[in-house]
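Note sheet for the following structure.
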Amino acid sequence: MKSAGTILLVLFLLSSLSRAKTILVGENELYKNPSEALSHSVSGDVIKISKGVYNVSELVIDKSITLEGEEGAVFDGNFFKEIITVTSDSVTVKNLTLRNTGTSFVTDVAAIRLENVSGCRLENNTVQNSFFALYLSSSKNCVVLSNRIEGNAVSESFSGNGIHLWKCNNITISNNEVSGQRDGIYLEFSTNSEITGNTSRGNLRYGLHFMFSEGNRYINNVFRNNGAGVAVMYTKRITMTGNRFEDNWGANSYGLLLKDIDNSLIYGNTFSRNTAAIYMEGTNRVNILNNIFENNGWALKILGNCYEDSVLYNNFLNNTFDVATNSPRNPNVFINNYWDKYKGYDLDNDRKGDVPYRPVSLFSLVVEKVPEAVVLTGSFLVDLLDAAEKVIPVFTPETLADNYPLMNRSGN
Amino acid sequence: MIKIENIEKSYGKSFQLNIGKLEFKRGSIITLMGPNGSGKTTLLKSILGLVIPEKGTITVNGRNISGQCDYRNSICYMPQSSPYPPNLKVKEIIAITKDIREPQDDYDYELFGLFGTANILEKRAGALSQGTRQRLSAALAFMFNSEIIVLDEPTAGLDPYSAGVLKSKILKEKNAGKLILLTTHIVNEVSELSDRLVFMLEGRVKVDREAFRNAGENGKEFREMVSKLFKENEPAKNN
Amino acid sequence: MNLRKIIKYFFGDIIRSKWIVVYTAALLVFSSGIIYFSKDEQKSLLSLMNIVMYLIPLLCMIFGSVYYYNSREFIEMLLTQPVKRSSVFYGQYFSLAFTQMLGFITGIILPLLIFNFGFNSFFLMIAGTFLIFIFTGFALLISILVNDKVKGIGILIAVWLLFAVFYDGIVLFMFYYFADYPLEKATIIASTLNPVDVTRTMMMLRLDISALFGYTGATFKKYFGSSAGYYVSLFVLHMWMIIPALIARKKFNRKNF
């Protein structure tokens, strides 16, 4: 009985496969617009969109179909509402250009929304001038691959995010390019996802922003020239490796903001030309290993409520301040880093300096208290103060020192 | 030619130059005498514009010299200790002086010849002896045929031969119608050279009278007078 | 024009001193060394900036002042000639500044240009030029006012300390003391009034350290980045250049030799 059921099921599936068909949509085709085609399709069908501009809004995909565009196939939302909403599992949307969604302060209007689905793919689409671009809500096991998102956000309150995840699980976000949105990539209550090889630049607020999203991996992404860099908050078990955080310059700007983060790894990233490369607040047991910090205002700003973090094998190159802190104690570990400002020697030839390096300068403490004093950067007075403090530490935390600083750059 | 009226100039509290009226005419040699610090050099420097009086006027050829410089084309100055920039060669000093003054058709090189200045042209001023510098200085002062020649202690530090040469040059130029203004401590020089003696004391003109040339009774009388002036005023200096 | 002749004499006299050759050579070795060994453009620019902002004013003043004291005979000799006092003053002022410029440009700017630092070298040159003229003015002012050489040099070292260290110290102290007040305007004013600070700030902003200012003082960056800030800074630098030199000239014109 059981085997007969299985056979019947296989037969059914085979028959449905055999009935799977490709439906063409276009000016010269049977179906002139996507919604007509959709209503005549069944799960498993492929709807192919020919070149042309289609006025589409609120197209709800409730069957497991593939929606695929030829080159030059454009869905125009005419600034009205959402363009595509996916409510069925295993839907693929690819090679489409979607543009001009509506804007709303009440609902999060998106170019493509996945609503409570699984196994969907959004691939190789171009989204232009949308409020939210790709919005994944309560979905799992989906792939967002090689999409281009070009927003033209002007103000934070009047713009949405590029790739937005809300209560998702196991999503892969790879090789996308996001620019001109509010946040480039945004995750909230989303877990076990992998974000790799994306480029997020020129977004108004954060290149990447996530909160309450545990166990995610961020690998080989580039976050460049965003309003305030990357913000990671209220989360644990994150892995961030091989990313580049660049050119996040400006008031209250940083490469990476860590706020209330536990048990995470930051490995092999490069931080260049950020006002503060990493700003840490309430961060515990985070390992910062083998990163490069170059040409930043501050390489690390570590607030007093960070405990048991480790800073190892990093290269600190040409930062105005290597480490700044507001605490007189040091509950974290600094060891075997390369500091370009280190003036020590290595007599026993073990490639590690024989005297400790104290990365917190007196002047950085002054600036912490009176930020305006930063105008004195580079002045003779400041050099004198710092030199004096290096010889006899009075104000800087005595224990915040790298006791075995590397003499040469650490390999990355 | 030079007219000085109501000049006042003070240095600190102790010294004040205070001259009511003085006039120097062309074709004469005027000697300024007086103890050290009596204001001779200050007066000369005021005429040259090196020292700027607080009050009063000095006119040269009828023009007020205050703030002016062109009038110095008609004045040549031989300074007391002949300080020259030590790095410069003698020929450069001569060239600069020539370059900076109005160009002339012919220069008076008589003293250059008599003093043998031609032999030291390549030497740096710093390497010259005091006497040699004095001779250079004198030669330069007469080189430009200027109407007024101001000499501050011209013979001090010169050997008798050079001093003689210089004195006869001074007389010669006076006879050519120039005004020569000099300071000296040597009484004989006054009687040898001067037409007029101005004796200064503590910044004021004490005696201003005709001088008597050469020997003879008048000359003797004059020398005695000057010696007496110096003697009388010595204790006053010591106060 | 007599001024040109006088510049020629002074310049010829200064250029003859071995000091300027040694000075230029030392700068040249120093700056090429920094550029060659540090290999990081920003870093070598910072080091060179420190030389320009701090060392050059000091050397400029000492050299100017020592030269003035040593050339009093020359000045006196010139003044007995039919030459305006102002011409003698400016002759000396410009000759000193030009020789310093010569040393500075060959010693620091030339290596920068050779190693292709582009616009930054140009900027450093402008900054250095201002400082040279400003501090040559100060050197002459002090030397003219103070007849005693040792005392004069003592005073000018004090002036240098004031601009290079104490001023910033006072500013820092004030910042600390008034930390609870909005300090942005005070910061702008403080860093505009001192010529060393103005040039340093402008250079720092060029070197992209500007983002540090952004941390709280967006106004500050806006101010110095704006053309208004730029013109005000230029104006202040000009004032520092002109006023001490003018006072020095005035004092020189009334001075007794």
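Labels used: A, B, ... for chains in the order of the structure tokens, numbers from 1 for residues in each chain, and numbers from 1 for ligands as shown.
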
Polymer residues at most 12 Å from Leu156 of chain C, only C-alpha atoms, same-chain spacing of 2 or more positions, as a compact mmCIF listing (two decimals) with C-alpha atoms, in the first residue's frame:
```txt
# COMPACT_ATOMS: atom_id res chain seq x y z
CA PRO C 57 60.32 79.35 11.92
CA LEU C 58 62.93 78.81 14.62
CA LEU C 59 65.88 78.66 12.25
CA CYS C 60 64.44 81.51 10.25
CA MET C 61 64.33 83.74 13.31
CA ILE C 62 67.74 82.77 14.63
CA PHE C 63 69.37 83.19 11.27
CA GLY C 64 67.63 86.49 10.58
CA SER C 65 68.48 87.88 13.95
CA VAL C 66 72.11 86.78 13.99
CA PHE C 135 59.13 84.89 11.19
CA THR C 136 61.72 86.89 9.29
CA GLY C 137 59.58 89.90 10.16
CA PHE C 138 59.60 88.87 13.81
CA ALA C 139 63.35 88.30 13.77
CA LEU C 140 64.00 91.80 12.45
CA LEU C 141 61.46 93.38 14.76
CA ILE C 142 63.08 91.86 17.82
CA SER C 143 66.64 92.58 16.68
CA ILE C 144 65.81 96.17 15.92
CA LEU C 145 64.12 96.71 19.26
CA VAL C 146 66.75 94.94 21.33
CA LYS C 149 72.46 90.25 20.77
CA VAL C 150 72.17 87.64 23.52
CA LYS C 151 69.05 89.21 24.94
CA GLY C 152 67.55 89.52 21.45
CA ILE C 153 68.08 85.89 20.61
CA GLY C 154 66.69 84.91 23.99
CA ALA C 158 60.69 82.85 23.66
CA VAL C 159 58.55 84.12 20.78
CA TRP C 160 59.05 80.84 18.96
CA LEU C 161 58.10 78.88 22.07
CA LEU C 162 55.01 81.00 22.39
CA PHE C 163 53.82 80.25 18.87
CA ALA C 164 54.98 76.65 18.73
```

Which residues come within 8 Å of Met203 of chain C, counting only C-alpha atoms, excluding same-chain residues fewer than 2 positions away, as a list in words? Met49, Phe123, Leu124, Thr199, Arg200, Thr201, Leu205, Arg206 and Leu207 of chain C

Using DSSP secondary structure from the backbone, list all strand (DSSP E or B) positions within chain B, as number ranges by chain. B: 2-11, 15-24, 28-33, 55-60, 63-64, 75-78, 89, 124, 148-152, 179-183, 196-201, 204-210

Please, what distance in Å, to one decimal, runs between atom CA of Asp322 of chain A and atom CA of Thr270 of chain A? 14.6 Å

Set the distance at 7 Å and use only C-alpha atoms: which residues neighbour Ile149 of chain B once local chain neighbours fewer than 5 positions away are removed? I'd like the list as a list in words. Ile75, Cys76, Tyr77, Ala141, Leu179, Ile180 and Leu181 of chain B

List every residue of segment 56-224 of chain B that DSSP, applied to the backbone of this structure, assigns to helix (DSSP H, G or I), and report them as a PyMOL selection string. chain B and resi 70-74+90-100+110-115+117-120+125-127+130-143+160-175+187-193+216-224

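As for atom CA of Leu22 of chain B and atom CA of Ile58 of chain B, they are spaced 9.4 Å apart.
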
Residues of chain A that have any atom at most 8 Å from an atom of chain C: could you tabulate them with the shortest-distance atom pair and the distance in Å to one decimal, using only C-alpha atoms, ordered by chain and increasing number, as a tab-separated table?
```
residue	atom	partner	partner_atom	distance
A:Trp249	CA	C:Ala211	CA	5.4
A:Gly250	CA	C:Gly214	CA	5.0
A:Ala251	CA	C:Gly214	CA	4.2
A:Asn252	CA	C:Tyr215	CA	5.3
A:Ser253	CA	C:Tyr215	CA	7.5
A:Asn274	CA	C:Ala211	CA	7.9
A:Thr275	CA	C:Ala211	CA	5.5
A:Gly297	CA	C:Leu212	CA	5.8
A:Asn318	CA	C:Lys43	CA	7.0
A:Thr320	CA	C:Ile209	CA	7.8
A:Lys369	CA	C:Ala179	CA	7.7
A:Val370	CA	C:Ala179	CA	6.0
A:Pro371	CA	C:Thr216	CA	6.4
A:Glu372	CA	C:Thr187	CA	6.5
A:Ala373	CA	C:Leu172	CA	6.5
A:Val374	CA	C:Phe213	CA	6.5
A:Val375	CA	C:Thr201	CA	6.7
A:Leu376	CA	C:Asp168	CA	7.1
A:Gly378	CA	C:Asn50	CA	7.6
A:Ser379	CA	C:Arg200	CA	7.6
A:Phe380	CA	C:Val165	CA	6.3
A:Leu381	CA	C:Val165	CA	5.1
```

Residues of chain C within 10 Å of chain B, counting only C-alpha atoms - could you list those as a compact mmCIF listing (two decimals) with C-alpha atoms, in the first residue's frame?
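After the write, selection_7.txt holds the following:
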```txt
# COMPACT_ATOMS: atom_id res chain seq x y z
CA MET C 1 65.64 101.74 -7.87
CA ASN C 2 67.86 101.50 -4.85
CA LYS C 5 70.59 97.22 -5.44
CA ILE C 6 70.36 96.81 -1.70
CA TYR C 9 74.21 93.52 -1.73
CA GLY C 12 75.23 88.51 -2.08
CA ASP C 13 76.47 88.84 1.47
CA ILE C 14 74.12 86.23 2.97
CA ARG C 16 78.27 83.82 0.88
CA SER C 17 77.86 82.51 4.41
CA ASN C 70 76.35 90.87 12.58
CA SER C 71 75.62 93.25 9.77
CA ARG C 72 75.10 96.36 11.82
CA GLU C 73 78.26 97.85 10.29
CA PHE C 74 77.00 97.15 6.84
CA ILE C 75 73.68 98.76 7.67
CA GLU C 76 75.44 101.77 9.11
CA MET C 77 77.65 102.05 6.07
CA LEU C 78 74.62 101.98 3.81
CA LEU C 79 72.72 104.48 5.91
CA THR C 80 75.42 107.13 5.51
CA GLN C 81 74.86 106.88 1.79
CA PRO C 82 71.96 108.48 -0.06
CA VAL C 83 69.66 105.55 0.58
CA LYS C 84 66.23 105.50 2.13
CA ARG C 85 66.04 103.76 5.45
CA ASN C 253 63.22 104.25 10.46
CA ARG C 254 63.40 105.91 13.89
CA LYS C 255 66.38 103.98 15.16
CA ASN C 256 69.67 105.61 16.12
CA PHE C 257 72.93 104.11 14.96
```

Residues at most 9 Å from Lys123 of chain B, counting only C-alpha atoms, excluding those fewer than 6 positions away in the same chain, as number ranges by chain? B: 88-91

Selected residues, N, CA and C atoms, written as a PDB file, in the first residue's frame, please.
```
ATOM      1  N   LEU B  88      82.959  91.478   3.252  1.00  0.00           N
ATOM      2  CA  LEU B  88      83.132  92.116   1.946  1.00  0.00           C
ATOM      3  C   LEU B  88      84.596  92.421   1.662  1.00  0.00           C
ATOM      4  N   LYS B  89      84.946  92.272   0.386  1.00  0.00           N
ATOM      5  CA  LYS B  89      86.287  92.658  -0.035  1.00  0.00           C
ATOM      6  C   LYS B  89      86.326  94.176  -0.216  1.00  0.00           C
ATOM      7  N   VAL B  90      87.540  94.713  -0.125  1.00  0.00           N
ATOM      8  CA  VAL B  90      87.704  96.156  -0.243  1.00  0.00           C
ATOM      9  C   VAL B  90      87.115  96.657  -1.558  1.00  0.00           C
ATOM     10  N   LYS B  91      87.400  95.925  -2.635  1.00  0.00           N
ATOM     11  CA  LYS B  91      86.909  96.408  -3.931  1.00  0.00           C
ATOM     12  C   LYS B  91      85.379  96.377  -3.990  1.00  0.00           C
TER      13      LYS B  91
END
```

Identify, on the basis of only C-alpha atoms, every residue whose closest approach to Phe130 of chain C does not exceed 9 Å; exclude the query and any residue fewer than 5 positions from it along the same chain; express the result as number ranges by chain. C: 125, 135, 195, 199, 237-238, 240-241

Contact residues around segment 201-204 of chain B with only C-alpha atoms at 8 Å, ignoring same-chain residues under 2 positions, as an MDAnalysis selection string: chainID B and resid 15:19 34:35 37:40 199 206

For the selection you just gave me, I'd like the residues written to a file as a PDB file, in the first residue's frame, keeping N, CA and C atoms.
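Full text of selection-v4.pdb as output:
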```pdb
ATOM      1  N   PHE B  15      72.266 111.398  29.320  1.00  0.00           N
ATOM      2  CA  PHE B  15      72.819 112.249  28.268  1.00  0.00           C
ATOM      3  C   PHE B  15      71.730 112.914  27.457  1.00  0.00           C
ATOM      4  N   GLN B  16      71.962 114.188  27.195  1.00  0.00           N
ATOM      5  CA  GLN B  16      71.050 114.869  26.302  1.00  0.00           C
ATOM      6  C   GLN B  16      71.820 115.815  25.399  1.00  0.00           C
ATOM      7  N   LEU B  17      71.562 115.672  24.107  1.00  0.00           N
ATOM      8  CA  LEU B  17      72.145 116.626  23.163  1.00  0.00           C
ATOM      9  C   LEU B  17      71.165 117.781  23.063  1.00  0.00           C
ATOM     10  N   ASN B  18      71.704 118.991  23.180  1.00  0.00           N
ATOM     11  CA  ASN B  18      70.815 120.142  23.193  1.00  0.00           C
ATOM     12  C   ASN B  18      71.523 121.313  22.535  1.00  0.00           C
ATOM     13  N   ILE B  19      71.210 121.559  21.310  1.00  0.00           N
ATOM     14  CA  ILE B  19      71.938 122.571  20.559  1.00  0.00           C
ATOM     15  C   ILE B  19      70.975 123.631  20.052  1.00  0.00           C
ATOM     16  N   GLY B  34      85.736 118.182  22.456  1.00  0.00           N
ATOM     17  CA  GLY B  34      85.016 117.986  23.701  1.00  0.00           C
ATOM     18  C   GLY B  34      85.407 116.666  24.309  1.00  0.00           C
ATOM     19  N   PRO B  35      85.172 116.513  25.591  1.00  0.00           N
ATOM     20  CA  PRO B  35      85.517 115.247  26.241  1.00  0.00           C
ATOM     21  C   PRO B  35      84.667 114.109  25.656  1.00  0.00           C
ATOM     22  N   GLY B  37      81.921 111.534  25.174  1.00  0.00           N
ATOM     23  CA  GLY B  37      80.524 111.577  25.587  1.00  0.00           C
ATOM     24  C   GLY B  37      79.958 112.972  25.618  1.00  0.00           C
ATOM     25  N   SER B  38      80.597 113.899  24.955  1.00  0.00           N
ATOM     26  CA  SER B  38      80.070 115.259  24.984  1.00  0.00           C
ATOM     27  C   SER B  38      79.068 115.499  23.854  1.00  0.00           C
ATOM     28  N   GLY B  39      78.937 114.531  22.939  1.00  0.00           N
ATOM     29  CA  GLY B  39      77.901 114.661  21.916  1.00  0.00           C
ATOM     30  C   GLY B  39      78.407 115.016  20.537  1.00  0.00           C
ATOM     31  N   LYS B  40      79.766 114.991  20.348  1.00  0.00           N
ATOM     32  CA  LYS B  40      80.309 115.328  19.025  1.00  0.00           C
ATOM     33  C   LYS B  40      79.795 114.369  17.964  1.00  0.00           C
ATOM     34  N   PHE B 199      83.421 123.790  20.793  1.00  0.00           N
ATOM     35  CA  PHE B 199      83.732 122.951  21.941  1.00  0.00           C
ATOM     36  C   PHE B 199      82.434 122.530  22.611  1.00  0.00           C
ATOM     37  N   LYS B 206      79.673 124.649  24.233  1.00  0.00           N
ATOM     38  CA  LYS B 206      80.233 125.481  25.310  1.00  0.00           C
ATOM     39  C   LYS B 206      80.929 126.699  24.715  1.00  0.00           C
TER      40      LYS B 206
END
```

Using only C-alpha atoms, determine which residues lie at most 9 Å from segment 305-309 of chain A, disregarding the query and same-chain residues fewer than 3 positions distant; provide the list as a PDB file with N, CA and C atoms, in the first residue's frame.
```pdb
ATOM      1  N   ASP A 260      26.957  45.855  21.985  1.00  0.00           N
ATOM      2  CA  ASP A 260      26.424  44.670  22.655  1.00  0.00           C
ATOM      3  C   ASP A 260      26.561  43.418  21.798  1.00  0.00           C
ATOM      4  N   ASN A 263      30.935  36.958  21.784  1.00  0.00           N
ATOM      5  CA  ASN A 263      31.453  35.729  21.195  1.00  0.00           C
ATOM      6  C   ASN A 263      31.531  35.756  19.672  1.00  0.00           C
ATOM      7  N   MET A 280      33.708  50.043  19.722  1.00  0.00           N
ATOM      8  CA  MET A 280      33.179  48.917  20.482  1.00  0.00           C
ATOM      9  C   MET A 280      32.526  49.398  21.769  1.00  0.00           C
ATOM     10  N   GLU A 281      31.312  48.922  21.952  1.00  0.00           N
ATOM     11  CA  GLU A 281      30.588  49.305  23.152  1.00  0.00           C
ATOM     12  C   GLU A 281      29.897  48.052  23.663  1.00  0.00           C
ATOM     13  N   GLY A 282      30.098  47.707  24.893  1.00  0.00           N
ATOM     14  CA  GLY A 282      29.448  46.522  25.454  1.00  0.00           C
ATOM     15  C   GLY A 282      29.777  45.245  24.701  1.00  0.00           C
ATOM     16  N   THR A 283      31.021  45.135  24.270  1.00  0.00           N
ATOM     17  CA  THR A 283      31.425  44.021  23.433  1.00  0.00           C
ATOM     18  C   THR A 283      32.265  43.045  24.256  1.00  0.00           C
ATOM     19  N   ASN A 284      31.850  41.786  24.307  1.00  0.00           N
ATOM     20  CA  ASN A 284      32.570  40.830  25.148  1.00  0.00           C
ATOM     21  C   ASN A 284      33.020  39.598  24.370  1.00  0.00           C
ATOM     22  N   ARG A 285      34.202  39.132  24.710  1.00  0.00           N
ATOM     23  CA  ARG A 285      34.748  37.918  24.097  1.00  0.00           C
ATOM     24  C   ARG A 285      34.703  37.966  22.574  1.00  0.00           C
ATOM     25  N   VAL A 286      35.120  39.066  22.033  1.00  0.00           N
ATOM     26  CA  VAL A 286      35.227  39.181  20.576  1.00  0.00           C
ATOM     27  C   VAL A 286      36.712  39.110  20.219  1.00  0.00           C
ATOM     28  N   ASN A 287      37.028  38.262  19.244  1.00  0.00           N
ATOM     29  CA  ASN A 287      38.416  38.146  18.826  1.00  0.00           C
ATOM     30  C   ASN A 287      38.652  38.983  17.579  1.00  0.00           C
ATOM     31  N   ILE A 288      39.588  39.884  17.682  1.00  0.00           N
ATOM     32  CA  ILE A 288      39.923  40.737  16.538  1.00  0.00           C
ATOM     33  C   ILE A 288      41.310  40.309  16.074  1.00  0.00           C
ATOM     34  N   ILE A 302      37.570  51.667  22.191  1.00  0.00           N
ATOM     35  CA  ILE A 302      37.030  50.632  23.062  1.00  0.00           C
ATOM     36  C   ILE A 302      36.485  51.288  24.316  1.00  0.00           C
ATOM     37  N   SER A 327      38.366  54.300  29.721  1.00  0.00           N
ATOM     38  CA  SER A 327      38.460  53.610  30.993  1.00  0.00           C
ATOM     39  C   SER A 327      39.897  53.601  31.495  1.00  0.00           C
ATOM     40  N   ASN A 330      42.031  48.014  31.923  1.00  0.00           N
ATOM     41  CA  ASN A 330      42.032  47.341  30.639  1.00  0.00           C
ATOM     42  C   ASN A 330      41.683  45.871  30.813  1.00  0.00           C
ATOM     43  N   PRO A 331      40.435  45.504  30.622  1.00  0.00           N
ATOM     44  CA  PRO A 331      40.035  44.114  30.779  1.00  0.00           C
ATOM     45  C   PRO A 331      40.191  43.304  29.490  1.00  0.00           C
ATOM     46  N   ASN A 332      40.928  43.833  28.519  1.00  0.00           N
ATOM     47  CA  ASN A 332      41.070  43.148  27.239  1.00  0.00           C
ATOM     48  C   ASN A 332      42.539  42.805  26.993  1.00  0.00           C
ATOM     49  N   VAL A 333      42.758  41.979  25.990  1.00  0.00           N
ATOM     50  CA  VAL A 333      44.117  41.516  25.726  1.00  0.00           C
ATOM     51  C   VAL A 333      44.633  42.100  24.418  1.00  0.00           C
ATOM     52  N   PHE A 334      45.816  42.680  24.454  1.00  0.00           N
ATOM     53  CA  PHE A 334      46.486  43.153  23.237  1.00  0.00           C
ATOM     54  C   PHE A 334      47.818  42.435  23.165  1.00  0.00           C
TER      55      PHE A 334
END
```
